[in-house]
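Everything below belongs to start31.txt, which stores compact mmCIF, C-alpha atoms.
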```
# COMPACT_ATOMS: atom_id res chain seq x y z
CA MET A 1 87.83 56.58 72.81
CA TYR A 2 86.35 53.37 71.42
CA ASP A 3 84.19 52.87 68.38
CA VAL A 4 81.82 50.57 70.28
CA ILE A 5 81.21 49.66 73.91
CA VAL A 6 79.35 46.37 74.33
CA VAL A 7 77.80 45.87 77.76
CA GLY A 8 77.45 42.12 78.33
CA ALA A 9 79.88 39.47 77.07
CA ARG A 10 77.68 36.41 76.74
CA CYS A 11 76.58 34.92 73.45
CA ALA A 12 75.03 38.05 71.90
CA GLY A 13 77.56 40.58 73.21
CA ALA A 14 80.68 38.46 72.63
CA ALA A 15 79.55 37.58 69.10
CA LEU A 16 78.89 41.25 68.33
CA ALA A 17 82.28 42.30 69.71
CA MET A 18 84.03 39.59 67.69
CA LEU A 19 82.35 40.57 64.41
CA LEU A 20 83.03 44.28 64.86
CA ALA A 21 86.65 43.65 65.86
CA ARG A 22 87.12 41.45 62.81
CA ALA A 23 85.84 44.36 60.72
CA GLY A 24 88.63 46.53 62.12
CA HIS A 25 86.74 48.54 64.72
CA ARG A 26 88.00 49.39 68.19
CA VAL A 27 85.69 47.50 70.53
CA VAL A 28 85.56 47.03 74.28
CA VAL A 29 83.20 44.48 75.84
CA VAL A 30 82.50 44.65 79.57
CA ASP A 31 80.74 42.21 81.88
CA ARG A 32 80.22 41.94 85.62
CA ALA A 33 81.04 38.22 85.35
CA SER A 34 84.31 36.46 84.57
CA PHE A 35 84.60 33.67 82.02
CA PRO A 36 84.01 30.80 81.85
CA SER A 37 80.93 31.05 84.04
CA ASP A 38 77.38 29.76 83.91
CA THR A 39 74.04 31.50 83.49
CA MET A 40 70.45 30.30 83.44
CA SER A 41 69.68 29.36 79.86
CA THR A 42 68.34 26.86 77.41
CA HIS A 43 71.11 25.06 75.55
CA PHE A 44 69.75 24.50 72.05
CA LEU A 45 71.59 25.82 69.04
CA TRP A 46 69.22 24.99 66.24
CA GLN A 47 70.64 24.63 62.74
CA ARG A 48 70.33 28.35 62.06
CA GLY A 49 72.32 29.14 65.21
CA ALA A 50 74.97 26.51 64.51
CA ALA A 51 75.18 27.82 60.95
CA ARG A 52 76.28 31.19 62.31
CA LEU A 53 79.12 29.54 64.24
CA HIS A 54 80.06 27.63 61.09
CA ALA A 55 80.16 30.84 59.06
CA TRP A 56 82.38 32.45 61.71
CA GLY A 57 84.79 29.49 61.77
CA LEU A 58 83.87 28.45 65.31
CA LEU A 59 81.75 25.32 64.94
CA ASP A 60 84.73 22.95 64.87
CA GLN A 61 86.00 24.61 68.05
CA LEU A 62 82.63 24.01 69.72
CA ARG A 63 82.84 20.32 68.81
CA ALA A 64 86.41 20.19 70.10
CA ARG A 65 85.17 21.46 73.47
CA GLY A 66 83.06 18.34 73.90
CA CYS A 67 79.78 19.35 72.29
CA ALA A 68 78.67 16.51 70.03
CA PRO A 69 76.29 17.10 67.11
CA ILE A 70 72.68 15.95 67.49
CA ARG A 71 71.32 14.42 64.31
CA GLU A 72 67.91 13.28 65.50
CA ILE A 73 65.20 14.74 67.72
CA THR A 74 62.04 13.02 68.98
CA PHE A 75 58.97 15.23 68.82
CA ASP A 76 56.38 13.70 71.15
CA VAL A 77 52.97 15.28 71.66
CA GLY A 78 51.43 12.36 73.56
CA PRO A 79 49.25 10.49 71.09
CA VAL A 80 51.80 10.97 68.30
CA GLN A 81 55.58 10.82 68.02
CA MET A 82 57.88 11.60 65.13
CA THR A 83 61.66 11.41 65.02
CA GLY A 84 64.04 13.11 62.64
CA MET A 85 65.51 16.51 61.93
CA GLY A 86 64.40 19.60 60.07
CA PRO A 87 66.13 20.84 56.91
CA ALA A 88 69.72 22.00 57.06
CA VAL A 89 70.60 25.66 57.14
CA GLY A 90 73.47 26.18 54.73
CA ALA A 91 76.03 23.47 55.38
CA VAL A 92 74.74 22.67 58.87
CA ALA A 93 72.25 19.83 59.31
CA GLU A 94 72.77 19.14 63.02
CA THR A 95 71.79 20.87 66.22
CA TYR A 96 74.04 21.32 69.26
CA CYS A 97 73.34 21.74 72.96
CA PRO A 98 76.35 23.44 74.57
CA ARG A 99 76.44 24.60 78.15
CA ARG A 100 76.88 28.32 78.56
CA THR A 101 80.16 27.74 80.37
CA VAL A 102 81.38 26.43 77.00
CA LEU A 103 79.59 28.55 74.39
CA ASP A 104 80.07 31.92 76.07
CA ALA A 105 83.74 31.24 76.77
CA LEU A 106 84.26 30.17 73.15
CA LEU A 107 82.78 33.43 71.87
CA VAL A 108 84.61 35.57 74.42
CA ASP A 109 87.91 33.95 73.41
CA ALA A 110 87.09 34.54 69.74
CA ALA A 111 86.29 38.20 70.42
CA VAL A 112 89.60 38.75 72.21
CA GLU A 113 91.54 36.89 69.53
CA SER A 114 89.88 39.14 66.95
CA GLY A 115 91.14 42.27 68.72
CA ALA A 116 88.30 43.24 71.07
CA GLU A 117 89.27 44.38 74.55
CA LEU A 118 87.60 42.45 77.38
CA ILE A 119 87.02 43.94 80.84
CA GLU A 120 85.67 41.34 83.25
CA GLY A 121 84.21 42.17 86.65
CA PHE A 122 82.96 45.57 85.42
CA THR A 123 79.47 46.65 86.52
CA VAL A 124 77.82 49.41 84.48
CA ARG A 125 75.85 51.84 86.61
CA ASP A 126 74.83 54.49 84.10
CA LEU A 127 75.35 55.87 80.60
CA LEU A 128 77.20 59.05 79.67
CA TRP A 129 75.28 61.54 77.54
CA SER A 130 76.13 64.52 75.39
CA GLU A 131 73.43 66.62 73.71
CA GLY A 132 70.90 63.81 74.03
CA ARG A 133 73.21 61.15 72.65
CA ALA A 134 74.76 58.19 74.48
CA VAL A 135 78.55 58.57 74.41
CA GLY A 136 79.77 56.06 76.97
CA VAL A 137 79.20 54.23 80.24
CA ARG A 138 80.04 54.78 83.87
CA GLY A 139 80.70 51.92 86.27
CA HIS A 140 83.29 50.22 88.42
CA LEU A 141 85.60 47.25 88.42
CA ARG A 142 85.14 44.68 91.16
CA GLY A 143 86.91 46.05 94.21
CA ALA A 144 87.84 49.35 92.54
CA GLY A 145 86.49 52.88 92.26
CA GLU A 146 84.22 54.32 89.60
CA SER A 147 85.50 54.86 86.07
CA SER A 148 84.07 55.66 82.66
CA LEU A 149 84.49 54.55 79.05
CA ARG A 150 83.55 56.51 75.93
CA ALA A 151 82.56 55.37 72.43
CA ARG A 152 80.67 56.35 69.32
CA ILE A 153 77.92 53.85 70.17
CA VAL A 154 76.94 51.87 73.28
CA VAL A 155 75.28 48.47 72.91
CA GLY A 156 73.33 46.76 75.67
CA ALA A 157 73.75 43.00 75.45
CA ASP A 158 73.14 42.65 79.16
CA GLY A 159 70.11 40.41 79.25
CA LEU A 160 66.43 40.65 80.10
CA HIS A 161 67.00 43.05 82.99
CA SER A 162 69.34 45.22 80.95
CA THR A 163 70.84 48.24 82.68
CA VAL A 164 71.36 49.87 79.29
CA ALA A 165 67.70 49.35 78.33
CA ARG A 166 66.60 50.85 81.63
CA ARG A 167 68.90 53.85 81.38
CA VAL A 168 67.84 54.72 77.81
CA GLY A 169 64.16 54.19 78.64
CA ALA A 170 63.63 51.51 75.99
CA SER A 171 59.92 50.73 75.71
CA ALA A 172 58.48 47.23 75.33
CA TYR A 173 56.05 46.21 72.60
CA ARG A 174 54.29 43.04 71.45
CA GLU A 175 54.32 42.02 75.09
CA GLN A 176 52.78 38.83 76.46
CA PRO A 177 52.91 37.99 80.17
CA PRO A 178 54.92 35.00 81.40
CA LEU A 179 53.28 31.74 80.38
CA THR A 180 55.45 29.10 82.05
CA ALA A 181 57.60 28.42 85.08
CA VAL A 182 60.59 26.11 84.61
CA TYR A 183 63.20 24.04 86.40
CA TYR A 184 66.10 22.02 85.02
CA SER A 185 69.17 20.10 86.12
CA TYR A 186 71.86 17.72 84.83
CA TRP A 187 72.18 13.94 85.08
CA SER A 188 75.10 11.60 84.46
CA GLY A 189 74.78 7.97 83.42
CA ILE A 190 71.95 8.51 80.92
CA HIS A 191 73.84 9.98 77.97
CA HIS A 192 72.30 7.29 75.74
CA LEU A 193 69.04 9.27 75.90
CA GLY A 194 68.58 11.24 72.71
CA ALA A 195 67.29 14.77 72.37
CA SER A 196 63.52 14.90 72.80
CA PHE A 197 60.58 17.27 73.13
CA HIS A 198 57.60 15.95 75.12
CA ALA A 199 54.43 18.06 75.19
CA ARG A 200 51.50 17.19 77.45
CA PRO A 201 48.53 19.34 78.50
CA GLY A 202 49.94 21.67 81.14
CA GLN A 203 53.47 20.25 80.82
CA LEU A 204 56.55 20.42 78.64
CA ILE A 205 59.62 18.23 79.12
CA LEU A 206 62.82 18.75 77.14
CA VAL A 207 65.74 16.33 77.18
CA TRP A 208 69.07 17.16 75.60
CA PRO A 209 72.60 15.71 75.74
CA THR A 210 75.19 18.35 76.59
CA ASN A 211 78.85 18.67 77.54
CA ASP A 212 80.75 16.25 79.81
CA ASP A 213 78.44 13.30 79.02
CA LEU A 214 75.66 15.01 80.95
CA THR A 215 72.00 15.16 80.00
CA CYS A 216 70.02 18.28 80.81
CA ILE A 217 66.34 17.75 81.59
CA TYR A 218 63.96 20.70 81.67
CA VAL A 219 60.34 20.80 82.80
CA ALA A 220 57.84 23.62 82.29
CA TRP A 221 54.57 24.12 84.15
CA PRO A 222 51.90 26.80 83.71
CA HIS A 223 53.20 30.03 85.19
CA GLU A 224 50.59 30.12 87.95
CA ARG A 225 51.89 26.82 89.39
CA PHE A 226 55.35 28.19 90.20
CA ARG A 227 54.69 28.75 93.90
CA HIS A 228 53.42 25.19 94.28
CA VAL A 229 56.25 23.64 92.25
CA ARG A 230 59.01 25.40 94.14
CA MET A 231 57.77 23.99 97.46
CA ASP A 232 59.05 20.54 96.39
CA VAL A 233 60.85 20.73 93.07
CA ALA A 234 62.14 17.14 93.14
CA ASP A 235 58.69 15.66 93.70
CA ASN A 236 57.06 17.83 91.04
CA PHE A 237 59.87 16.99 88.65
CA ARG A 238 59.36 13.29 89.27
CA SER A 239 55.61 13.59 88.65
CA ALA A 240 56.26 15.36 85.37
CA LEU A 241 58.72 12.72 84.11
CA GLN A 242 56.21 9.98 84.93
CA ARG A 243 53.90 11.41 82.27
CA VAL A 244 56.28 10.11 79.58
CA PRO A 245 56.37 6.29 79.52
CA GLY A 246 59.75 4.98 80.65
CA LEU A 247 61.37 8.39 81.09
CA TYR A 248 61.29 8.53 84.88
CA ASP A 249 62.82 5.06 85.25
CA THR A 250 65.59 5.91 82.80
CA VAL A 251 66.39 9.17 84.57
CA ALA A 252 66.28 7.45 87.97
CA SER A 253 68.95 5.02 86.74
CA GLY A 254 71.35 7.97 86.44
CA ARG A 255 72.57 10.50 88.98
CA ARG A 256 71.64 14.15 89.31
CA GLU A 257 74.91 16.07 89.39
CA GLU A 258 73.76 19.64 90.06
CA ARG A 259 71.05 21.53 91.90
CA PHE A 260 67.76 22.37 90.22
CA VAL A 261 67.74 25.79 88.56
CA GLY A 262 64.43 27.49 87.89
CA THR A 263 62.48 30.67 87.33
CA ALA A 264 59.06 32.09 86.57
CA ASP A 265 60.54 35.37 85.33
CA LEU A 266 59.91 34.62 81.65
CA PRO A 267 58.15 37.57 80.00
CA ASN A 268 57.67 37.69 76.25
CA LEU A 269 58.51 41.01 74.62
CA TYR A 270 60.39 43.11 72.15
CA ARG A 271 62.05 46.36 73.19
CA THR A 272 62.83 49.45 71.18
CA SER A 273 66.42 48.60 70.34
CA SER A 274 67.91 51.70 68.79
CA GLY A 275 68.29 55.35 69.61
CA PRO A 276 70.82 58.18 69.50
CA GLY A 277 74.16 56.51 70.17
CA TRP A 278 72.77 53.24 71.55
CA ALA A 279 71.37 49.85 70.58
CA LEU A 280 70.18 46.64 72.24
CA THR A 281 70.78 43.05 71.21
CA GLY A 282 70.12 39.55 72.54
CA ASP A 283 67.66 39.22 75.42
CA ALA A 284 68.03 42.92 76.18
CA GLY A 285 66.12 43.66 72.98
CA HIS A 286 63.94 40.57 72.55
CA HIS A 287 63.06 37.96 75.15
CA LYS A 288 60.70 35.00 74.94
CA ASP A 289 59.77 31.85 76.79
CA PRO A 290 62.46 29.14 76.57
CA SER A 291 60.00 26.41 75.54
CA THR A 292 61.28 26.29 71.95
CA GLY A 293 64.94 26.82 72.85
CA MET A 294 65.40 29.60 70.31
CA GLY A 295 67.07 32.20 72.51
CA MET A 296 70.73 31.46 71.77
CA SER A 297 70.18 31.09 68.02
CA ASP A 298 68.28 34.39 67.96
CA ALA A 299 71.03 36.05 70.00
CA LEU A 300 73.64 35.08 67.40
CA LEU A 301 71.34 36.19 64.60
CA SER A 302 70.64 39.58 66.15
CA ALA A 303 74.34 40.12 66.91
CA GLU A 304 75.19 39.51 63.28
CA GLN A 305 72.48 41.86 62.05
CA LEU A 306 73.54 44.59 64.46
CA ALA A 307 77.23 44.17 63.60
CA GLU A 308 76.45 44.79 59.92
CA ALA A 309 74.40 47.88 60.76
CA ILE A 310 77.00 49.38 63.11
CA HIS A 311 79.79 48.68 60.61
CA ASP A 312 77.86 50.51 57.87
CA GLY A 313 77.48 53.47 60.20
CA LEU A 314 81.07 53.54 61.41
CA VAL A 315 82.55 53.46 57.90
CA GLY A 316 80.18 56.17 56.68
CA GLN A 317 78.03 54.16 54.30
CA ARG A 318 74.94 55.38 56.16
CA PRO A 319 74.18 57.56 59.19
CA ILE A 320 74.74 55.19 62.10
CA ASP A 321 71.40 55.89 63.78
CA ASP A 322 69.52 55.11 60.54
CA ALA A 323 71.45 51.87 60.06
CA VAL A 324 70.77 50.73 63.62
CA SER A 325 67.09 51.62 63.34
CA ASP A 326 66.83 49.38 60.28
CA TYR A 327 68.52 46.58 62.27
CA GLN A 328 65.63 46.61 64.72
CA ASP A 329 63.08 46.20 61.91
CA ARG A 330 65.10 43.40 60.34
CA ARG A 331 65.51 41.58 63.66
CA ASP A 332 61.77 41.73 64.28
CA GLN A 333 61.04 40.24 60.86
CA LEU A 334 63.56 37.43 61.26
CA THR A 335 62.35 36.44 64.72
CA ALA A 336 58.59 36.80 64.17
CA ASN A 337 58.16 33.14 63.19
CA GLY A 338 59.88 31.88 66.32
CA TYR A 339 58.00 34.30 68.53
CA ALA A 340 54.62 33.09 67.27
CA LEU A 341 55.63 29.44 67.66
CA THR A 342 57.01 30.03 71.14
CA LEU A 343 53.87 31.76 72.39
CA SER A 344 51.77 28.90 71.04
CA THR A 345 54.03 26.23 72.59
CA ALA A 346 54.33 27.95 75.95
CA ARG A 347 50.57 27.98 76.50
CA LEU A 348 50.92 24.22 77.18
CA ALA A 349 47.43 23.72 75.76
CA PRO A 350 45.90 20.34 74.86
CA LEU A 351 46.02 19.41 71.20
CA SER A 352 42.92 20.22 69.23
CA VAL A 353 41.27 17.33 67.41
CA LYS A 354 42.40 18.76 64.08
CA LEU A 355 45.99 19.32 65.16
CA GLU A 356 46.23 15.78 66.53
CA ALA A 357 44.94 14.46 63.21
CA PHE A 358 47.53 16.60 61.41
CA TYR A 359 50.36 15.19 63.52
CA ARG A 360 49.14 11.64 62.94
CA ALA A 361 49.16 12.25 59.20
CA ALA A 362 52.55 13.96 59.38
CA ALA A 363 54.06 11.01 61.27
CA ALA A 364 53.13 8.80 58.31
CA GLN A 365 54.57 11.23 55.75
CA PRO A 366 58.34 11.72 56.26
CA ASP A 367 58.49 14.93 54.23
CA VAL A 368 55.79 16.51 56.38
CA ALA A 369 57.38 15.28 59.61
CA ARG A 370 60.59 16.95 58.45
CA GLN A 371 58.68 20.19 57.90
CA VAL A 372 57.20 20.04 61.42
CA LEU A 373 60.67 19.57 62.88
CA GLY A 374 61.93 22.36 60.64
CA VAL A 375 59.41 24.77 62.18
CA LEU A 376 60.56 23.75 65.65
CA GLY A 377 64.16 24.33 64.56
CA GLY A 378 63.35 27.64 62.92
CA SER A 379 64.34 26.69 59.38
CA ILE A 380 60.80 26.61 57.93
CA SER A 381 58.07 29.22 58.30
CA ILE A 382 55.31 28.39 60.74
CA ALA A 383 52.81 29.72 58.20
CA ASP A 384 54.05 27.30 55.54
CA VAL A 385 53.37 24.27 57.74
CA TYR A 386 50.45 25.23 59.98
CA SER A 387 48.31 27.14 57.52
CA HIS A 388 44.73 25.89 57.07
CA THR A 389 45.43 25.01 53.43
CA HIS A 390 48.55 22.98 54.20
CA ILE A 391 46.93 21.11 57.08
CA GLU A 392 43.96 20.20 54.89
CA THR A 393 46.31 19.01 52.14
CA VAL A 394 48.27 16.82 54.56
CA LEU A 395 45.09 15.38 56.06
CA ALA A 396 43.80 14.54 52.59
CA GLY A 397 47.09 12.89 51.68
CA GLY A 398 47.12 10.80 54.82
CA HIS A 399 43.50 9.77 54.30
CA ASN A 400 44.08 8.73 50.69
CA ARG A 401 47.17 6.74 51.67
CA ALA A 402 45.16 4.89 54.32
CA LEU A 403 42.40 4.09 51.85
CA HIS A 404 44.90 2.44 49.48
CA ALA A 405 46.85 0.55 52.16
```
Represent the structure contained in this file as structure tokens.
Amino acid sequence: MYDVIVVGARCAGAALAMLLARAGHRVVVVDRASFPSDTMSTHFLWQRGAARLHAWGLLDQLRARGCAPIREITFDVGPVQMTGMGPAVGAVAETYCPRRTVLDALLVDAAVESGAELIEGFTVRDLLWSEGRAVGVRGHLRGAGESSLRARIVVGADGLHSTVARRVGASAYREQPPLTAVYYSYWSGIHHLGASFHARPGQLILVWPTNDDLTCIYVAWPHERFRHVRMDVADNFRSALQRVPGLYDTVASGRREERFVGTADLPNLYRTSSGPGWALTGDAGHHKDPSTGMGMSDALLSAEQLAEAIHDGLVGQRPIDDAVSDYQDRRDQLTANGYALTLSTARLAPLSVKLEAFYRAAAAQPDVARQVLGVLGGSISIADVYSHTHIETVLAGGHNRALHA
């Protein structure tokens, strides 16, 4: 009998298992995959995500596995560019872009070292119930017969198409349909390219240095163009890169090392993430378009919030179902900013005249540019930067500066 079963051992599930094991609980984490292994994902760990790794004593290990800090990002919206970094979160001022083969394995290793039991190659088929309460899971090891595990609480950290969410009947809310379709791949020989965000009407291009001196390049199109794009991904990718002066030629000077990976399965939603004996975390409980690269940082955040709630329940400070219910409310509050920004970004809409003027003024005011980048990185509230009052103040400041130049 375990205290907690975590279904899914990637960044949300492994982090949750590690934190609960460190708190002295008996935890088992199961996954159909083995580690290290890859999964479709953005790579950004914004400052708030990297700050979680720092707090857990893992950030130096991430660096040691070949993930260099990124200290500058170019934010390019076509007529205007600004370069810099948003405010630090705690002691962490840099962002990181690890591959999932690296980040997930790091967290899985940390969970096991902390005392969690790992079962790889285990596919969960169903949950066990007793008097309306989840009490375990039923599934099978690769190449073996069916078996079951029991615990005081079962957590689904098994991604957007979560088996746990499906079996408990978790309902979605604040839903928005998919807005983009994306493809990405990795290039060698262009590691001198810095991290950059290029927004054009109907297009988004993200460039980020990652492990092994590779650069990952990601392109998003409006969701309805997916069928057309997939007919010739390389040609559509090339056309997208040509919209950014010099980018295509630079990329063409390198070598693509892996196949293109893509999807149009990018819904935006929250799910009910707590119930009798169960909880959801990571993409299983909240999924959004990858255009702002917030998924991994939010996964670490939600794992930490859920670990605190489950711990309070297991040690008797509060009824466990009440504690986990409060976790869902807290998660929703902490991710609301990023959700609003992501939905806005993923619409790939042209800049309004006023927003273009705001960005031009911000580019001439370093403190404001830092705030814009802080919103993108999730360290500053979107309302604080993009409110009508703040935009008008920035426009007035830029205008007065120009008058006195």
Worksheet item: Which neighbours of His286 of chain A fall inside 10 Å, counting all atoms listed in the file, when residues of the same chain fewer than 3 positions from it are skipped, and could you give them as an MDAnalysis selection string?
Response: chainID A and resid 159:160 172:173 267:273 280:283 295 298:299 302 331:332 335 339
Discussion item. So that I can see what lies close to Met294 of chain A, please list as number ranges by chain the residues with an atom at most 10 Å from it, counting only C-alpha atoms and leaving out residues fewer than 2 positions away in the same chain.
Written reply: A: 42-46, 48-49, 287-292, 296-299, 335, 338-339, 342, 376-378
Worksheet entry | Point-to-point distance from atom CA of Gln176 of chain A to atom CA of Val124 of chain A, Å rounded to tenths |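 Separation of atom CA of Gln176 of chain A and atom CA of Val124 of chain A: 28.3 Å.
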Worksheet item: Just how far from atom CA of Trp221 of chain A is atom CA of Ser387 of chain A, in Å to one decimal?
Response: 27.5 Å
Worksheet item: What does the distance from atom CA of Arg167 of chain A to atom CA of Asp31 of chain A come to in Å, to one decimal?
Response: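 Result for atom CA of Arg167 of chain A versus atom CA of Asp31 of chain A: 16.6 Å, one decimal.
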Worksheet item: Which residue gives the smallest distance to Ala195 of chain A among A:Pro69, A:Pro366, A:Gly374, A:Pro276, with only C-alpha atoms counted?
Response: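 Using only C-alpha atoms, the shortest distance to Ala195 of chain A belongs to A:Pro69.
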Worksheet, complete the sentence: Between A:Val80, A:Ile310, A:Leu214, A:Ala234, smallest distance to Gly66 of chain A by all atoms listed in the file belongs to A:Leu214
Practice prompt. Find the residues around Ala105 of chain A up to 9 Å (all atoms listed in the file counted), leave out those fewer than 6 positions away in its own chain, and share them as a list in words.
Written response: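 Those residues are Arg10, Cys11, Ala14, Phe35, Pro36 and Ser37 of chain A.
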Worksheet entry | For His198 of chain A, the nearest of the candidates A:Leu106, A:Ala181, A:Leu351, A:Val77, counting all atoms listed in the file |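 The shortest atom-to-atom distance to His198 of chain A comes from A:Val77.
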Worksheet item: So, counting only C-alpha atoms, which residue among A:Trp187, A:Trp278, A:Phe237, A:Phe75 is closest to Gly262 of chain A?
Response: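 Smallest distance to Gly262 of chain A is found for A:Phe237.
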Quick one: 8 Å padding each side, axis-aligned, all listed atoms of segment 223-228 of chain A - centre and edge lengths in Å to one decimal, as lines of an AutoDock Vina configuration file?
```
center_x = 53.0
center_y = 27.7
center_z = 89.7
size_x = 20.8
size_y = 20.9
size_z = 25.1
```
Fill in: All residues 12 Å or closer to Met1 of chain A, all atoms listed in the file, same chain fewer than 2 positions away omitted, as an MDAnalysis selection string
chainID A and resid 3:5 25:28 135:137 148:154
Worksheet item: Any idea what's packed within 6 Å of Val219 of chain A, counting all atoms listed in the file, ignoring anything in its chain fewer than 4 positions away? Could you give it as a list in words?
Response: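 The neighbour list is Val182, Tyr183, Leu204 and Ile205 of chain A.
You can rank A:Gly202, A:Gly90, A:Pro222, A:Gly13 by their closest distance to Arg243 of chain A using only C-alpha atoms, and at the top of that list sits A:Gly202.
The shortest atom-to-atom distance to His311 of chain A, with only C-alpha atoms taken into account, belongs to A:Arg22 out of A:Arg22, A:Arg142, A:Arg256, A:Arg347.
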Worksheet item: How would you write as a ChimeraX atom specification the residues that get within 12 Å of (43.0, 23.4, 59.4) in the file's frame, counting all atoms listed in the file?
Response: /A:352-359,383,385-396
